[in-house]
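> Handing over upload18.pdb, PDB, C-alpha atoms.
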ATOM      1  CA  MET X  20     126.786  99.595  87.647
ATOM      2  CA  SER X  21     129.768 101.955  87.925
ATOM      3  CA  ALA X  22     129.677 105.532  86.650
ATOM      4  CA  VAL X  23     131.912 104.620  83.693
ATOM      5  CA  THR X  24     129.783 101.621  82.786
ATOM      6  CA  ARG X  25     126.605 103.655  83.095
ATOM      7  CA  ALA X  26     128.054 106.302  80.797
ATOM      8  CA  ALA X  27     128.985 103.645  78.231
ATOM      9  CA  ASP X  28     125.542 102.091  78.487
ATOM     10  CA  THR X  29     123.861 105.464  77.999
ATOM     11  CA  ALA X  30     126.071 106.264  75.016
ATOM     12  CA  LEU X  31     125.051 102.982  73.396
ATOM     13  CA  ASP X  32     121.411 103.795  74.035
ATOM     14  CA  ARG X  33     121.488 107.346  72.684
ATOM     15  CA  SER X  34     123.480 106.399  69.589
ATOM     16  CA  LEU X  35     121.070 103.510  68.832
ATOM     17  CA  LEU X  36     124.103 101.223  68.551
ATOM     18  CA  GLY X  37     122.785  99.642  71.719
ATOM     19  CA  TYR X  38     119.795  98.381  69.755
ATOM     20  CA  SER X  39     122.075  96.192  67.620
ATOM     21  CA  SER X  40     123.612  92.804  68.331
ATOM     22  CA  LEU X  41     126.821  94.636  69.277
ATOM     23  CA  GLY X  42     124.953  96.471  72.035
ATOM     24  CA  HIS X  43     123.696  93.160  73.376
ATOM     25  CA  LEU X  44     127.153  91.592  73.323
ATOM     26  CA  LEU X  45     128.766  94.558  75.096
ATOM     27  CA  ARG X  46     126.097  94.937  77.743
ATOM     28  CA  ARG X  47     126.261  91.265  78.710
ATOM     29  CA  HIS X  48     129.510  92.133  80.491
ATOM     30  CA  TRP X  49     127.811  94.450  82.979
ATOM     31  CA  TRP X  50     124.105  93.784  83.099
ATOM     32  CA  PRO X  51     122.315  92.194  86.111
ATOM     33  CA  GLU X  52     122.725  88.478  86.721
ATOM     34  CA  ASP X  53     120.501  85.864  85.128
ATOM     35  CA  PRO X  54     117.431  84.521  86.929
ATOM     36  CA  ALA X  55     117.892  81.324  88.916
ATOM     37  CA  PRO X  56     117.691  78.217  86.664
ATOM     38  CA  ASP X  57     114.440  77.154  88.359
ATOM     39  CA  ALA X  58     113.048  80.661  88.885
ATOM     40  CA  LEU X  59     109.697  79.817  87.270
ATOM     41  CA  ALA X  60     109.314  76.209  88.402
ATOM     42  CA  GLY X  61     105.657  75.455  89.098
ATOM     43  CA  LYS X  62     104.488  78.730  87.551
ATOM     44  CA  VAL X  63     102.263  79.411  84.558
ATOM     45  CA  ALA X  64     103.172  81.887  81.849
ATOM     46  CA  VAL X  65     100.890  83.081  79.043
ATOM     47  CA  VAL X  66     102.614  84.434  75.927
ATOM     48  CA  THR X  67     100.550  85.853  73.073
ATOM     49  CA  GLY X  68     101.705  85.597  69.467
ATOM     50  CA  ALA X  69     104.297  82.929  70.254
ATOM     51  CA  LYS X  70     104.329  80.996  66.980
ATOM     52  CA  ALA X  71     107.479  82.767  65.752
ATOM     53  CA  GLY X  72     110.033  85.473  66.418
ATOM     54  CA  LEU X  73     110.225  87.187  69.786
ATOM     55  CA  GLY X  74     107.161  85.426  71.152
ATOM     56  CA  LYS X  75     108.539  81.969  70.483
ATOM     57  CA  ALA X  76     111.958  82.942  71.836
ATOM     58  CA  THR X  77     110.310  84.320  74.984
ATOM     59  CA  ALA X  78     108.307  81.118  75.410
ATOM     60  CA  ILE X  79     111.498  79.062  75.090
ATOM     61  CA  GLY X  80     113.268  81.198  77.681
ATOM     62  CA  LEU X  81     110.386  80.889  80.154
ATOM     63  CA  ALA X  82     110.093  77.126  79.599
ATOM     64  CA  LYS X  83     113.820  76.687  80.260
ATOM     65  CA  LEU X  84     113.276  78.355  83.646
ATOM     66  CA  GLY X  85     110.635  75.798  84.566
ATOM     67  CA  ALA X  86     107.379  77.521  83.646
ATOM     68  CA  THR X  87     104.373  75.853  82.109
ATOM     69  CA  VAL X  88     104.021  78.043  79.042
ATOM     70  CA  ARG X  89     100.653  78.636  77.434
ATOM     71  CA  ILE X  90     101.089  80.072  73.948
ATOM     72  CA  ALA X  91      97.976  82.017  72.964
ATOM     73  CA  VAL X  92      97.911  81.959  69.162
ATOM     74  CA  ARG X  93      95.678  82.067  66.114
ATOM     75  CA  GLY X  94      95.363  78.883  64.094
ATOM     76  CA  ASP X  95      97.615  75.847  64.415
ATOM     77  CA  GLY X  96     100.241  76.254  67.098
ATOM     78  CA  GLU X  97     101.467  72.655  67.205
ATOM     79  CA  ALA X  98     104.597  73.320  65.148
ATOM     80  CA  ALA X  99     105.573  76.127  67.513
ATOM     81  CA  ARG X 100     104.854  73.932  70.525
ATOM     82  CA  ALA X 101     107.128  71.221  69.153
ATOM     83  CA  GLU X 102     109.932  73.724  68.480
ATOM     84  CA  ILE X 103     109.665  75.195  71.974
ATOM     85  CA  GLU X 104     109.726  71.754  73.580
ATOM     86  CA  ARG X 105     112.759  70.726  71.509
ATOM     87  CA  ALA X 106     114.592  73.843  72.674
ATOM     88  CA  ALA X 107     113.439  73.360  76.288
ATOM     89  CA  PRO X 108     113.025  69.572  76.744
ATOM     90  CA  ALA X 109     112.046  69.881  80.393
ATOM     91  CA  GLY X 110     109.380  72.480  79.626
ATOM     92  CA  ASN X 111     105.635  71.992  79.430
ATOM     93  CA  VAL X 112     103.915  73.860  76.587
ATOM     94  CA  VAL X 113     100.171  74.233  76.044
ATOM     95  CA  VAL X 114      98.620  75.637  72.868
ATOM     96  CA  ASP X 115      95.657  77.968  73.436
ATOM     97  CA  GLN X 116      93.483  79.482  70.733
ATOM     98  CA  CYS X 117      93.084  83.238  70.988
ATOM     99  CA  ASP X 118      92.959  85.985  68.378
ATOM    100  CA  ILE X 119      94.148  88.892  70.509
ATOM    101  CA  SER X 120      92.824  91.387  67.931
ATOM    102  CA  LEU X 121      89.208  90.307  68.508
ATOM    103  CA  ILE X 122      87.399  91.375  71.655
ATOM    104  CA  SER X 123      85.104  88.344  71.449
ATOM    105  CA  SER X 124      88.043  85.920  71.189
ATOM    106  CA  VAL X 125      89.837  87.503  74.144
ATOM    107  CA  ARG X 126      86.702  87.261  76.252
ATOM    108  CA  ASP X 127      86.214  83.592  75.365
ATOM    109  CA  TYR X 128      89.838  82.796  76.073
ATOM    110  CA  ALA X 129      89.914  84.500  79.461
ATOM    111  CA  LYS X 130      86.714  82.729  80.463
ATOM    112  CA  GLU X 131      88.060  79.300  79.505
ATOM    113  CA  LEU X 132      91.533  79.697  81.012
ATOM    114  CA  ASP X 133      91.733  77.610  84.189
ATOM    115  CA  GLY X 134      93.993  78.191  87.159
ATOM    116  CA  GLU X 135      96.270  81.033  88.157
ATOM    117  CA  VAL X 136      98.570  83.012  85.882
ATOM    118  CA  ASP X 137     102.029  84.024  87.119
ATOM    119  CA  VAL X 138     103.342  85.720  83.967
ATOM    120  CA  LEU X 139     101.466  87.424  81.125
ATOM    121  CA  VAL X 140     103.498  88.569  78.122
ATOM    122  CA  HIS X 141     101.705  90.809  75.629
ATOM    123  CA  ASN X 142     103.789  90.013  72.570
ATOM    124  CA  ALA X 143     101.420  89.588  69.596
ATOM    125  CA  GLY X 144     102.159  92.164  66.918
ATOM    126  CA  VAL X 145     101.340  93.112  63.331
ATOM    127  CA  MET X 146     102.242  95.820  60.811
ATOM    128  CA  PRO X 147      99.976  95.630  57.736
ATOM    129  CA  SER X 148     101.049  97.523  54.639
ATOM    130  CA  GLU X 149      97.573  99.038  54.259
ATOM    131  CA  ARG X 150      95.079 100.189  56.855
ATOM    132  CA  ARG X 151      92.827  97.309  57.841
ATOM    133  CA  GLU X 152      90.073  96.782  60.352
ATOM    134  CA  THR X 153      89.075  93.681  62.277
ATOM    135  CA  ALA X 154      85.649  92.120  61.860
ATOM    136  CA  GLU X 155      84.679  94.154  64.930
ATOM    137  CA  GLY X 156      85.603  97.454  63.269
ATOM    138  CA  ASN X 157      88.872  98.312  65.017
ATOM    139  CA  GLU X 158      92.096  99.238  63.214
ATOM    140  CA  VAL X 159      94.227  96.079  63.278
ATOM    141  CA  MET X 160      97.330  97.433  65.020
ATOM    142  CA  LEU X 161      95.271  99.219  67.667
ATOM    143  CA  ALA X 162      93.260  96.048  68.235
ATOM    144  CA  THR X 163      96.311  93.759  68.414
ATOM    145  CA  HIS X 164      98.749  95.913  70.366
ATOM    146  CA  VAL X 165      96.406  97.872  72.607
ATOM    147  CA  LEU X 166      92.770  96.834  72.916
ATOM    148  CA  GLY X 167      93.199  93.070  73.115
ATOM    149  CA  PRO X 168      96.051  93.209  75.659
ATOM    150  CA  HIS X 169      94.219  95.806  77.751
ATOM    151  CA  LEU X 170      91.117  93.632  77.870
ATOM    152  CA  LEU X 171      93.064  90.440  78.582
ATOM    153  CA  THR X 172      94.857  92.122  81.487
ATOM    154  CA  GLU X 173      91.535  93.158  82.991
ATOM    155  CA  LEU X 174      89.857  89.779  82.473
ATOM    156  CA  LEU X 175      92.787  87.819  83.918
ATOM    157  CA  ARG X 176      93.041  90.157  86.874
ATOM    158  CA  PRO X 177      91.144  87.776  89.205
ATOM    159  CA  LYS X 178      93.418  84.931  88.076
ATOM    160  CA  PHE X 179      96.759  86.633  88.666
ATOM    161  CA  ALA X 180      98.803  84.805  91.290
ATOM    162  CA  ASP X 181     100.428  86.721  94.111
ATOM    163  CA  GLY X 182     103.591  88.221  92.671
ATOM    164  CA  ALA X 183     102.400  87.892  89.072
ATOM    165  CA  ARG X 184     104.098  89.928  86.370
ATOM    166  CA  VAL X 185     102.621  91.519  83.255
ATOM    167  CA  ILE X 186     105.037  92.441  80.458
ATOM    168  CA  TRP X 187     104.215  94.571  77.411
ATOM    169  CA  VAL X 188     106.505  93.999  74.427
ATOM    170  CA  SER X 189     106.893  97.450  72.930
ATOM    171  CA  SER X 190     109.349  98.856  70.384
ATOM    172  CA  GLY X 191     112.112 101.446  70.337
ATOM    173  CA  GLY X 192     110.200 102.958  67.427
ATOM    174  CA  MET X 193     107.737 104.387  69.943
ATOM    175  CA  TYR X 194     110.244 107.159  70.717
ATOM    176  CA  GLY X 195     109.424 108.774  67.385
ATOM    177  CA  GLN X 196     105.698 109.146  67.956
ATOM    178  CA  PRO X 197     103.569 111.010  70.522
ATOM    179  CA  LEU X 198     100.342 109.691  71.973
ATOM    180  CA  ARG X 199      97.449 110.425  69.620
ATOM    181  CA  THR X 200      94.142 110.151  71.458
ATOM    182  CA  ASP X 201      92.398 112.242  68.796
ATOM    183  CA  ASP X 202      92.831 109.517  66.157
ATOM    184  CA  LEU X 203      93.218 106.131  67.855
ATOM    185  CA  GLN X 204      91.819 104.297  64.839
ATOM    186  CA  TYR X 205      94.230 106.025  62.410
ATOM    187  CA  ARG X 206      91.509 107.361  60.117
ATOM    188  CA  GLN X 207      93.091 110.765  59.535
ATOM    189  CA  GLY X 208      95.804 111.561  57.010
ATOM    190  CA  GLU X 209      97.919 109.220  54.925
ATOM    191  CA  TYR X 210      98.348 105.758  56.410
ATOM    192  CA  LYS X 211     101.998 104.966  57.141
ATOM    193  CA  PRO X 212     102.560 101.483  58.592
ATOM    194  CA  ALA X 213     105.709 102.306  60.595
ATOM    195  CA  ALA X 214     104.109 105.436  62.083
ATOM    196  CA  GLY X 215     100.954 103.546  63.034
ATOM    197  CA  TYR X 216     103.036 100.793  64.583
ATOM    198  CA  ALA X 217     105.074 103.283  66.609
ATOM    199  CA  ARG X 218     101.936 105.071  67.771
ATOM    200  CA  THR X 219     100.426 101.894  69.182
ATOM    201  CA  LYS X 220     103.745 100.938  70.745
ATOM    202  CA  ARG X 221     103.767 104.320  72.509
ATOM    203  CA  MET X 222     100.262 103.491  73.765
ATOM    204  CA  GLN X 223     101.551 100.190  75.161
ATOM    205  CA  VAL X 224     104.226 101.893  77.248
ATOM    206  CA  ILE X 225     101.692 104.333  78.662
ATOM    207  CA  LEU X 226      99.184 101.568  79.361
ATOM    208  CA  ALA X 227     101.857  99.595  81.211
ATOM    209  CA  GLU X 228     102.402 102.622  83.455
ATOM    210  CA  LEU X 229      98.660 103.078  83.965
ATOM    211  CA  TRP X 230      98.182  99.396  84.740
ATOM    212  CA  ALA X 231     101.036  99.567  87.242
ATOM    213  CA  ASP X 232      99.129 102.338  89.010
ATOM    214  CA  GLU X 233      95.857 100.417  88.751
ATOM    215  CA  LEU X 234      97.347  97.263  90.279
ATOM    216  CA  ASP X 235      99.545  99.023  92.828
ATOM    217  CA  GLY X 236      99.388  97.203  96.156
ATOM    218  CA  SER X 237      97.939  94.026  94.633
ATOM    219  CA  GLY X 238     101.268  92.216  94.395
ATOM    220  CA  VAL X 239     101.178  92.309  90.594
ATOM    221  CA  THR X 240     104.074  94.001  88.779
ATOM    222  CA  VAL X 241     103.683  95.573  85.329
ATOM    223  CA  HIS X 242     106.529  96.560  83.013
ATOM    224  CA  SER X 243     107.141  97.306  79.342
ATOM    225  CA  ALA X 244     110.314  96.786  77.323
ATOM    226  CA  HIS X 245     111.690  96.886  73.825
ATOM    227  CA  PRO X 246     113.909  94.277  72.132
ATOM    228  CA  GLY X 247     116.217  96.482  70.105
ATOM    229  CA  TRP X 248     116.676  95.594  66.449
ATOM    230  CA  ALA X 249     115.811  91.910  66.177
ATOM    231  CA  ASP X 250     115.767  89.808  63.020
ATOM    232  CA  THR X 251     112.274  88.335  63.132
ATOM    233  CA  PRO X 252     109.781  87.194  60.488
ATOM    234  CA  GLY X 253     107.762  90.333  61.203
ATOM    235  CA  VAL X 254     110.716  92.603  60.414
ATOM    236  CA  ALA X 255     111.508  90.646  57.245
ATOM    237  CA  THR X 256     107.922  90.992  56.024
ATOM    238  CA  SER X 257     107.083  94.531  57.140
ATOM    239  CA  LEU X 258     110.465  96.291  56.980
ATOM    240  CA  PRO X 259     112.459  94.589  54.207
ATOM    241  CA  THR X 260     114.559  97.648  53.379
ATOM    242  CA  PHE X 261     115.483  98.208  57.031
ATOM    243  CA  ARG X 262     116.406  94.543  57.349
ATOM    244  CA  LYS X 263     118.546  94.663  54.214
ATOM    245  CA  LEU X 264     120.475  97.676  55.497
ATOM    246  CA  THR X 265     120.983  96.380  59.044
ATOM    247  CA  ARG X 266     121.000  92.596  58.665
ATOM    248  CA  LEU X 267     124.656  92.276  59.703
ATOM    249  CA  ILE X 268     123.997  93.876  63.097
ATOM    250  CA  LEU X 269     120.475  92.652  63.846
ATOM    251  CA  ARG X 270     119.936  90.638  66.999
ATOM    252  CA  ASP X 271     118.584  87.139  66.792
ATOM    253  CA  ALA X 272     115.228  86.433  68.427
ATOM    254  CA  GLU X 273     116.799  85.049  71.603
ATOM    255  CA  GLN X 274     118.852  88.204  72.102
ATOM    256  CA  GLY X 275     115.788  90.356  71.464
ATOM    257  CA  ALA X 276     113.691  88.378  73.941
ATOM    258  CA  ASP X 277     116.282  88.306  76.721
ATOM    259  CA  THR X 278     114.897  91.251  78.680
ATOM    260  CA  PHE X 279     111.328  89.933  78.525
ATOM    261  CA  VAL X 280     112.420  86.627  80.051
ATOM    262  CA  TRP X 281     114.514  88.452  82.646
ATOM    263  CA  LEU X 282     111.594  90.709  83.589
ATOM    264  CA  ALA X 283     109.406  87.648  84.087
ATOM    265  CA  ALA X 284     111.796  85.740  86.298
ATOM    266  CA  ALA X 285     114.559  87.813  87.918
ATOM    267  CA  GLU X 286     114.310  89.287  91.396
ATOM    268  CA  GLU X 287     115.322  92.870  90.551
ATOM    269  CA  PRO X 288     112.316  93.811  88.333
ATOM    270  CA  GLY X 289     110.003  92.752  91.143
ATOM    271  CA  ARG X 290     111.276  95.674  93.210
ATOM    272  CA  TYR X 291     109.972  98.206  90.671
ATOM    273  CA  ASN X 292     106.705  98.829  88.880
ATOM    274  CA  GLY X 293     105.631 100.543  85.672
ATOM    275  CA  MET X 294     109.123 100.872  84.202
ATOM    276  CA  PHE X 295     110.317 100.753  80.584
ATOM    277  CA  TRP X 296     113.322  98.467  79.996
ATOM    278  CA  HIS X 297     115.902  97.508  77.400
ATOM    279  CA  ASP X 298     118.819  95.141  77.947
ATOM    280  CA  ARG X 299     117.900  94.723  81.618
ATOM    281  CA  VAL X 300     118.186  98.459  82.380
ATOM    282  CA  GLN X 301     115.414 100.984  82.951
ATOM    283  CA  ARG X 302     115.179 103.431  80.054
ATOM    284  CA  PRO X 303     113.581 106.863  79.631
ATOM    285  CA  THR X 304     110.226 106.846  77.874
ATOM    286  CA  TYR X 305     110.943 110.150  76.082
ATOM    287  CA  TYR X 306     113.918 111.728  74.373
ATOM    288  CA  LEU X 307     111.975 114.532  72.711
ATOM    289  CA  GLY X 308     109.965 116.790  74.989
ATOM    290  CA  LYS X 309     107.456 117.469  72.230
ATOM    291  CA  ASN X 310     106.356 113.830  72.344
ATOM    292  CA  ARG X 311     105.364 113.956  76.004
ATOM    293  CA  GLU X 312     101.629 113.532  76.534
ATOM    294  CA  THR X 313      99.462 115.310  79.083
ATOM    295  CA  ALA X 314      97.730 113.759  82.062
ATOM    296  CA  THR X 315      94.440 114.388  80.260
ATOM    297  CA  GLN X 316      95.615 112.411  77.223
ATOM    298  CA  ARG X 317      96.666 109.514  79.426
ATOM    299  CA  GLN X 318      93.215 109.430  80.989
ATOM    300  CA  GLU X 319      91.618 109.677  77.549
ATOM    301  CA  LEU X 320      93.596 106.619  76.411
ATOM    302  CA  TRP X 321      92.516 104.620  79.453
ATOM    303  CA  GLN X 322      88.874 105.579  79.011
ATOM    304  CA  ALA X 323      88.937 104.871  75.277
ATOM    305  CA  CYS X 324      90.384 101.409  75.850
ATOM    306  CA  GLY X 325      87.623 100.688  78.327
ATOM    307  CA  ARG X 326      84.961 101.964  75.958
ATOM    308  CA  LEU X 327      86.252 100.136  72.888
ATOM    309  CA  THR X 328      86.583  96.840  74.753
ATOM    310  CA  GLY X 329      83.250  97.084  76.535
ATOM    311  CA  LEU X 330      84.694  97.255  80.025
TER     312      LEU X 330
END
As structure tokens, how would this structure be written, given the file I've shared?

Amino acid sequence: MSAVTRAADTALDRSLLGYSSLGHLLRRHWWPEDPAPDALAGKVAVVTGAKAGLGKATAIGLAKLGATVRIAVRGDGEAARAEIERAAPAGNVVVDQCDISLISSVRDYAKELDGEVDVLVHNAGVMPSERRETAEGNEVMLATHVLGPHLLTELLRPKFADGARVIWVSSGGMYGQPLRTDDLQYRQGEYKPAAGYARTKRMQVILAELWADELDGSGVTVHSAHPGWADTPGVATSLPTFRKLTRLILRDAEQGADTFVWLAAAEEPGRYNGMFWHDRVQRPTYYLGKNRETATQRQELWQACGRLTGL
């Protein structure tokens, strides 16, 4: 990337215009090349929360590159499987039952999953309008975005193939929130869905970095990324006003999922570890110094995840 192009890319990022569909269309002219058409042939990819939106689009992208895609979902996933196979006729899609928000379900799923895993995409996400807890007593967003993925990464660790990649689907909203290890379960103060969502998305980026350190030297690569502003069922349900104001410039799900598919299959991401990405470029994880956490807080997050998941 030339100096001029890099400056333009950075300007798009800082102005947030890069999060829109316009940012995607402009950056396509200079971003890294696509993965090889058969980059994932013979490989197995697990994608959580793939019944709709970014998860389904990611599953389609991986299937088109030759992967056997296992969609880990709650309830009936047959409609999603059929849609993915129609979009990627040569793909092989398997529906797995797993409620990523429940520790017990994640444990059962990891135990029953046969064979090696080449790609693990932590995509499942929620944003309830009111604070809710799972049947196991964990706040729903913490359980879905943080605890379940952390546990699944640990339990699949022995099953990761050489060169496996783990991808955490975060959000650009995480820039607005610091790490809060003093209130992981969001019990203090007024509950604000968008703030809670951003807090757990910040945790995901930090966990991706910590997992990259944990798995360093094992051949497994860990990254996190955000999709920009994508028009998904989750956005329509949880952020209707935002969607109404930005609907003309929102990305479609395929555009939002592009970087996740690229991270799973392209050669370049395999040369790095623990990075945060958007539109195939590494991005800073902070813009405001006040949001930067301490080393102690990072360790507290890791220990809390282990404690809350029974590791």
> Name all residues at most 10 Å from X:Ala162 (count all atoms listed in the file; drop same-chain ones fewer than 5 positions away) and give them as a ChimeraX atom specification.
/X:119-122,144-145,152-153,155-157,167-169,204,219,324,327-328
> Which distance in Å separates atom CA of X:Asn310 and atom CA of X:Asp201, to one decimal?
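Atom-to-atom, atom CA of X:Asn310 to atom CA of X:Asp201, that is 14.5 Å.
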> As a ChimeraX atom specification, please: the residues near stretch 235-247 of chain X (cut-off 9 Å, all atoms listed in the file, same-chain neighbours under 3 positions excluded).
/X:35,37-40,42-43,73,179-192,223-225,227-228,230-232,269-270,272,274-279,282,288-299,301-302
> Using all atoms listed in the file, can you tell me which of X:Leu84, X:Val136, X:Val113, X:Ala69 comes closest to X:Asp53?
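Distance minimum relative to X:Asp53 lands on X:Leu84.
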> Need the shell around X:Gly110: protein/DNA/RNA residues with any atom at most 9 Å away, counting all atoms listed in the file. Skip same-chain ones fewer than 6 positions apart. Format as a list in words?
Ile79, Leu81, Ala82, Lys83, Leu84, Gly85, Ala86, Thr87, Val88, Ile103 and Glu104 of chain X
> Counting all atoms listed in the file, which of X:Ser34, X:Ser124, X:Thr172, X:Gln196 gets nearest to X:Leu330?
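Answer, going by the shortest atom-to-atom distance: X:Thr172.
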> Using Å and a single decimal, report how far atom CA of X:His164 sits from atom CA of X:Gly74.
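About the pair atom CA of X:Gly74 and atom CA of X:His164: they are 13.5 Å apart.
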